[in-house]
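Asker: Got a structure here, written out as structure tokens. Questions coming.
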Number of protein chains: 2
Amino acid sequence: MGHSQAEKAATRERVLRITSRKIRAEGVTRPGIAELMNEAGLTHGGFYKHFRSRDDLITQAAAFALAEGTSKMERSARKNEEDPRAGLIEAYLAKQHRDAPATGCALVTLGAAAARGGQDVKEAYEKQVRTYLDLIAGLDDDREDARADAMVTLSALVGAVLMARAVDDPEFSDELLETVTARLSRHTSHDTDAAT
Amino acid sequence: MGHSQAEKAATRERVLRITSRKIRAEGVTRPGIAELMNEAGLTHGGFYKHFRSRDDLITQAAAFALAEGTSKMERSARKNEEDPRAGLIEAYLAKQHRDAPATGCALVTLGAAAARGGQDVKEAYEKQVRTYLDLIAGLDDDREDARADAMVTLSALVGAVLMARAVDDPEFSDELLETVTARLSRHTSHDTDAAT
DNA sequence: TGTACATCAGTGAACGCGCGTTCACTGATGTAC
DNA sequence: TGTACATCAGTGAACGCGCGTTCACTGATGTAC
């Protein structure tokens with residue numbers, strides 16, 4: 001085999017990435033060390049050359065998963081040049097996102113786990129929330145209360161994906177995503193006039 | 001001791017209720033059978049007189065937790081007689097709710113678990129979502145698109161509580177809850193006028 | 001450029017603990033007479 | 001109303017498996033000479 005310093009760093013990151021996906025898809029408790037190492041092409045014994053304990057790995061992998069989200073979303077926002085805010089919302093509430101929790105936004109998949117977790121995980125979670133809020137508020141140029149609007153928008157995005165995944169009827173799940181997409185796209189508060 | 005038929009039913013429900021709280025607070029994987037039975041005042045051995053397996057208990061406890069939510073929310077909505085919709089939103093986004101996941105809405109705490117769960121859990125989850133939507137849409141009397149509005153509102157409620165719990169800075173958590181409360185209370189779409 | 005040696009990523013067997021599940025047993029319940 | 005007996009909720013010891021962690025070992029890396 002061989003094992004240079006560069007290879008070690010690569011192995012470490014590979015394990016981190018694999019774990020960050022597994023915990024999003026299956027929760028932070030399920031995947032075992034042997035399983036994770038095997039998927040990285042190694043045996044379980046070498047694990048402790050990279051991480052102090054399972055807990056250490058999970059904590060780092062959670063931070064890894066959380067950090068991954070932003071760049072992804074920035075990219076999807078840029079797809080719709082006329083209305084990047086709508087672009088982001090559509091991408092976030094897309095069925096592909098709902099159906100791919102392993103590579104999806106960790107605010108949804110790791111929310112409950114972070115709530116129970118230690119300070120490290122919560123800090124990573126918060127950082128990710130703040131980044132999203134800045135991103136959304138930044139796209140929402142013309143509004144003065146952009147930050148408040150962004151909080152409602154982000155909450156709705158996260159909640160909608162969470163529920164869309166947990167519901168049994170696929171059509172109902174679709175309806176949820178589509179409805180929230182439509183409502184949020186025209187700004188959380190623009191549309192009115194219908195009532196009153 | 002003694003054990004009449006009535007006592008058996010009571011025991012069963014006690015275990016279910018305890019478990020429904022534990023899994024909301026600590027996740028569906030953590031609490032063990034011995035621990036749960038002890039908290040119900042029993043030893044672990046009798047467990048299988050009530051449930052087929054740990055999985056069976058968790059599934060039923062999840063459904064139990066989900067079902068509990070609605071009645072609670074209906075009550076809090078009625079607190080504010082002038083504007084029951086605002087009453088519900090304030091109760092849902094209250095700090096007491098954020099700080100008491102064990103007895104709080106299971107749509108938040110069990111969302112990720114339900115997404116990974118079997119059909120039974122997903123059906124229970126969906127039922128609860130539908131009940132909430134009906135409740136919110138019902139309170140939102142004067143709007144024709146009440147159902148769509150309810151979907152956005154519920155998504156934002158669930159997402160906001162999930163994030164408020166997972167974030168590290170308590171002040172930021174408070175801000176999130178307060179901001180979303182203020183924004184949602186005046187109807188998701190009524191307020192406008194600020195922009196454009 | 002070549003040789004000897006220390007380092008250390010990765011291997012795989014072994015350990016030990018926690019926990020879900022099983023089982024023989026107990027004693028109160030409640031039914032049959 | 002009282003007595004004998006079957007039922008079964010609850011007990012606690014024991015089992016066994018999975019899994020996190022440890023450890024002696026291997027062999028390639030990369031440094032010293």
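In the structure tokens, chains take letters A, B, ... by order of appearance, with residues numbered from 1 within each chain and ligands from 1 in the order shown.
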Could you give me, as a PDB file with all heavy atoms, in the first residue's frame, the residues within 7 Å of segment 54-59 of chain A, counting only C-alpha atoms (C1' of nucleotides) and dropping anything in the same chain fewer than 4 positions from it?

Answerer:
```pdb
ATOM      1  N   VAL A  28     -26.830  10.325  13.444  1.00  0.00           N
ATOM      2  CA  VAL A  28     -25.471  10.353  13.983  1.00  0.00           C
ATOM      3  C   VAL A  28     -25.120   9.114  14.786  1.00  0.00           C
ATOM      4  O   VAL A  28     -23.956   8.883  15.099  1.00  0.00           O
ATOM      5  CB  VAL A  28     -25.258  11.593  14.882  1.00  0.00           C
ATOM      6  CG1 VAL A  28     -25.316  12.867  14.061  1.00  0.00           C
ATOM      7  CG2 VAL A  28     -26.283  11.629  15.994  1.00  0.00           C
ATOM      8  N   ALA A  63     -19.711  19.110  11.562  1.00  0.00           N
ATOM      9  CA  ALA A  63     -19.226  20.422  11.149  1.00  0.00           C
ATOM     10  C   ALA A  63     -18.927  20.429   9.655  1.00  0.00           C
ATOM     11  O   ALA A  63     -19.249  21.382   8.935  1.00  0.00           O
ATOM     12  CB  ALA A  63     -17.979  20.792  11.942  1.00  0.00           C
ATOM     13  N   VAL A 121     -20.670  21.491  17.931  1.00  0.00           N
ATOM     14  CA  VAL A 121     -21.648  21.254  16.875  1.00  0.00           C
ATOM     15  C   VAL A 121     -22.611  22.435  16.771  1.00  0.00           C
ATOM     16  O   VAL A 121     -22.946  22.880  15.678  1.00  0.00           O
ATOM     17  CB  VAL A 121     -22.434  19.955  17.144  1.00  0.00           C
ATOM     18  CG1 VAL A 121     -23.362  19.647  15.987  1.00  0.00           C
ATOM     19  CG2 VAL A 121     -21.482  18.803  17.372  1.00  0.00           C
TER      20      VAL A 121
END
```

Asker: List as a list of chain:residue names the protein and nucleic acid residues near segment 30-33 of chain D, meaning an atom at most 9 Å away when only C-alpha atoms (C1' of nucleotides) are counted, but skip any in the same chain fewer than 2 places from it.

Answerer: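 The filter keeps A:Ser4, C:DT3, C:DA4, C:DC5, C:DA6, C:DT7.
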
Asker: Can I get the selected residues back with N, CA, C and O atoms (P, O5', C5', C4', C3', O3' and C1' of nucleotides), as a PDB file, in the first residue's frame?

Answerer:
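Result saved to selection16.pdb:
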```
ATOM      1  N   SER A   4       2.104   7.937   2.494  1.00  0.00           N
ATOM      2  CA  SER A   4       2.821   9.203   2.629  1.00  0.00           C
ATOM      3  C   SER A   4       1.978  10.170   3.443  1.00  0.00           C
ATOM      4  O   SER A   4       0.841   9.889   3.789  1.00  0.00           O
TER       5      SER A   4
ATOM      6  P    DT C   3      23.079  -0.129  -2.458  1.00  0.00           P
ATOM      7  O5'  DT C   3      23.101   0.205  -0.901  1.00  0.00           O
ATOM      8  C5'  DT C   3      24.332   0.519  -0.259  1.00  0.00           C
ATOM      9  C4'  DT C   3      24.107   0.667   1.228  1.00  0.00           C
ATOM     10  C3'  DT C   3      23.121  -0.335   1.838  1.00  0.00           C
ATOM     11  O3'  DT C   3      23.631  -0.794   3.086  1.00  0.00           O
ATOM     12  C1'  DT C   3      22.383   1.854   2.302  1.00  0.00           C
ATOM     13  P    DA C   4      22.820  -1.763   4.056  1.00  0.00           P
ATOM     14  O5'  DA C   4      22.450  -0.808   5.280  1.00  0.00           O
ATOM     15  C5'  DA C   4      23.475  -0.161   6.041  1.00  0.00           C
ATOM     16  C4'  DA C   4      22.847   0.534   7.245  1.00  0.00           C
ATOM     17  C3'  DA C   4      21.919  -0.362   8.067  1.00  0.00           C
ATOM     18  O3'  DA C   4      22.093  -0.073   9.459  1.00  0.00           O
ATOM     19  C1'  DA C   4      20.672   1.465   7.192  1.00  0.00           C
ATOM     20  P    DC C   5      21.074  -0.674  10.587  1.00  0.00           P
ATOM     21  O5'  DC C   5      20.023   0.507  10.782  1.00  0.00           O
ATOM     22  C5'  DC C   5      20.488   1.850  10.978  1.00  0.00           C
ATOM     23  C4'  DC C   5      19.303   2.759  11.278  1.00  0.00           C
ATOM     24  C3'  DC C   5      18.245   2.122  12.176  1.00  0.00           C
ATOM     25  O3'  DC C   5      17.773   3.112  13.085  1.00  0.00           O
ATOM     26  C1'  DC C   5      17.240   2.842  10.182  1.00  0.00           C
ATOM     27  P    DA C   6      17.020   2.687  14.440  1.00  0.00           P
ATOM     28  O5'  DA C   6      15.910   3.820  14.550  1.00  0.00           O
ATOM     29  C5'  DA C   6      16.281   5.189  14.345  1.00  0.00           C
ATOM     30  C4'  DA C   6      15.079   5.992  13.882  1.00  0.00           C
ATOM     31  C3'  DA C   6      13.824   5.802  14.738  1.00  0.00           C
ATOM     32  O3'  DA C   6      13.196   7.061  14.917  1.00  0.00           O
ATOM     33  C1'  DA C   6      13.358   5.203  12.494  1.00  0.00           C
ATOM     34  P    DT C   7      11.927   7.220  15.845  1.00  0.00           P
ATOM     35  O5'  DT C   7      10.774   7.399  14.772  1.00  0.00           O
ATOM     36  C5'  DT C   7      10.944   8.353  13.706  1.00  0.00           C
ATOM     37  C4'  DT C   7       9.764   8.270  12.754  1.00  0.00           C
ATOM     38  C3'  DT C   7       8.397   8.132  13.438  1.00  0.00           C
ATOM     39  O3'  DT C   7       7.512   9.060  12.866  1.00  0.00           O
ATOM     40  C1'  DT C   7       8.650   6.460  11.785  1.00  0.00           C
TER      41       DT C   7
END
```

Asker: For chain D against chain B, with a cut-off of 8 Å and counting only C-alpha atoms (C1' of nucleotides), what is the closest atom pair and its distance in Å to one decimal for every residue that makes the cut, ordered by chain and number, as JSON lines?

Answerer:
```
{"residue": "D:DA9", "atom": "C1'", "partner": "B:His3", "partner_atom": "CA", "distance": 5.6}
{"residue": "D:DG10", "atom": "C1'", "partner": "B:Gly46", "partner_atom": "CA", "distance": 5.4}
{"residue": "D:DT11", "atom": "C1'", "partner": "B:Gly45", "partner_atom": "CA", "distance": 6.7}
{"residue": "D:DG12", "atom": "C1'", "partner": "B:Gly45", "partner_atom": "CA", "distance": 7.4}
```

Asker: Kindly save the residues from that selection, with N, CA, C and O atoms (P, O5', C5', C4', C3', O3' and C1' of nucleotides) included, as an mmCIF file, in the first residue's frame.

Answerer:
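That gives us result-v6.cif:
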```cif
data_model
loop_
_atom_site.group_PDB
_atom_site.id
_atom_site.type_symbol
_atom_site.label_atom_id
_atom_site.label_comp_id
_atom_site.auth_asym_id
_atom_site.auth_seq_id
_atom_site.Cartn_x
_atom_site.Cartn_y
_atom_site.Cartn_z
ATOM 1 P P DA D 9 -50.135 -10.176 31.124
ATOM 2 O "O5'" DA D 9 -49.604 -9.018 32.076
ATOM 3 C "C5'" DA D 9 -50.448 -8.515 33.102
ATOM 4 C "C4'" DA D 9 -49.625 -7.994 34.262
ATOM 5 C "C3'" DA D 9 -48.437 -7.114 33.904
ATOM 6 O "O3'" DA D 9 -48.251 -6.162 34.944
ATOM 7 C "C1'" DA D 9 -47.637 -9.100 34.910
ATOM 8 P P DG D 10 -47.039 -5.091 34.805
ATOM 9 O "O5'" DG D 10 -45.857 -5.777 35.599
ATOM 10 C "C5'" DG D 10 -45.968 -5.939 37.002
ATOM 11 C "C4'" DG D 10 -44.781 -6.710 37.514
ATOM 12 C "C3'" DG D 10 -43.409 -6.150 37.115
ATOM 13 O "O3'" DG D 10 -42.647 -5.923 38.288
ATOM 14 C "C1'" DG D 10 -43.497 -8.476 36.772
ATOM 15 P P DT D 11 -41.105 -5.497 38.197
ATOM 16 O "O5'" DT D 11 -40.352 -6.861 38.536
ATOM 17 C "C5'" DT D 11 -40.641 -7.543 39.749
ATOM 18 C "C4'" DT D 11 -39.623 -8.652 39.985
ATOM 19 C "C3'" DT D 11 -38.162 -8.232 39.817
ATOM 20 O "O3'" DT D 11 -37.440 -8.623 40.977
ATOM 21 C "C1'" DT D 11 -38.623 -10.185 38.533
ATOM 22 P P DG D 12 -36.080 -7.825 41.341
ATOM 23 O "O5'" DG D 12 -34.954 -8.765 40.747
ATOM 24 C "C5'" DG D 12 -34.917 -10.117 41.159
ATOM 25 C "C4'" DG D 12 -33.996 -10.908 40.248
ATOM 26 C "C3'" DG D 12 -32.680 -10.209 39.857
ATOM 27 O "O3'" DG D 12 -31.663 -11.189 39.763
ATOM 28 C "C1'" DG D 12 -33.795 -10.820 37.936
#
```

Asker: Atom CA of Gln128 of chain A and atom CA of Glu90 of chain B are how many Å apart?

Answerer: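 Separating atom CA of Gln128 of chain A from atom CA of Glu90 of chain B is a distance of 25.6 Å.
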
Asker: Considering only C-alpha atoms, give me a table of residues in chain A that are at most 8 Å from chain B, with the closest atom pair and distance in Å for each, as a tab-separated table.

Answerer:
```
residue	atom	partner	partner_atom	distance
A:Ala25	CA	B:Arg116	CA	7.6
A:Glu26	CA	B:Arg116	CA	6.7
A:Gly27	CA	B:Ala113	CA	7.7
A:Thr29	CA	B:Thr29	CA	7.0
A:Leu107	CA	B:Met163	CA	7.5
A:Val108	CA	B:Ala112	CA	7.6
A:Thr109	CA	B:Ala112	CA	5.9
A:Leu110	CA	B:Ala112	CA	7.9
A:Gly111	CA	B:Ala166	CA	5.8
A:Ala112	CA	B:Thr109	CA	5.9
A:Ala113	CA	B:Gly27	CA	7.7
A:Ala114	CA	B:Ala166	CA	5.0
A:Ala115	CA	B:Ala166	CA	4.0
A:Arg116	CA	B:Glu26	CA	6.7
A:Gln119	CA	B:Asp168	CA	6.5
A:Lys122	CA	B:Asp168	CA	4.8
A:Glu123	CA	B:Asp168	CA	5.3
A:Tyr125	CA	B:Val167	CA	6.0
A:Glu126	CA	B:Val167	CA	4.7
A:Val129	CA	B:Met163	CA	7.9
A:Asp142	CA	B:Ala195	CA	6.9
A:Arg143	CA	B:Ala195	CA	5.5
A:Glu144	CA	B:Ala195	CA	7.6
A:Ala148	CA	B:Thr179	CA	6.0
A:Asp149	CA	B:Arg183	CA	7.8
A:Met151	CA	B:Val180	CA	6.6
A:Val152	CA	B:Val180	CA	5.5
A:Thr153	CA	B:Ala156	CA	7.3
A:Leu154	CA	B:Gly159	CA	7.7
A:Ser155	CA	B:Gly159	CA	4.3
A:Ala156	CA	B:Ala156	CA	3.7
A:Leu157	CA	B:Ser155	CA	7.1
A:Val158	CA	B:Gly159	CA	5.1
A:Gly159	CA	B:Gly159	CA	3.9
A:Ala160	CA	B:Ser155	CA	4.8
A:Leu162	CA	B:Gly111	CA	5.9
A:Met163	CA	B:Gly111	CA	6.4
A:Arg165	CA	B:Ala115	CA	5.1
A:Ala166	CA	B:Ala115	CA	4.0
A:Val167	CA	B:Glu126	CA	4.7
A:Asp168	CA	B:Lys122	CA	4.8
A:Asp169	CA	B:Glu126	CA	7.8
A:Leu176	CA	B:Met151	CA	6.7
A:Thr179	CA	B:Ala148	CA	6.0
A:Val180	CA	B:Val152	CA	5.5
A:Arg183	CA	B:Val152	CA	7.3
A:Leu184	CA	B:Val152	CA	7.9
A:Thr188	CA	B:Ser189	CA	6.2
A:Ser189	CA	B:Ser189	CA	4.4
A:His190	CA	B:Thr192	CA	5.1
A:Asp191	CA	B:Ser189	CA	6.1
A:Thr192	CA	B:Ser189	CA	4.9
A:Asp193	CA	B:His190	CA	7.5
A:Ala194	CA	B:Arg143	CA	7.3
A:Ala195	CA	B:Arg143	CA	5.5
A:Thr196	CA	B:Asp142	CA	7.5
```

Asker: Which of segment 38-90 of chain B counts as helix (DSSP H, G or I) under DSSP, as an NGL selection string please?

Answerer: :B and (38-39 or 44-49 or 54-79 or 84-90)

Asker: How many Å separate atom CA of Ala61 of chain A from atom CA of Arg21 of chain A?

Answerer: 8.5 Å

Asker: Record the distance separating atom C1' of DT29 of chain C and atom CA of Ala9 of chain B, expressed in Å with one decimal.

Answerer: 14.7 Å
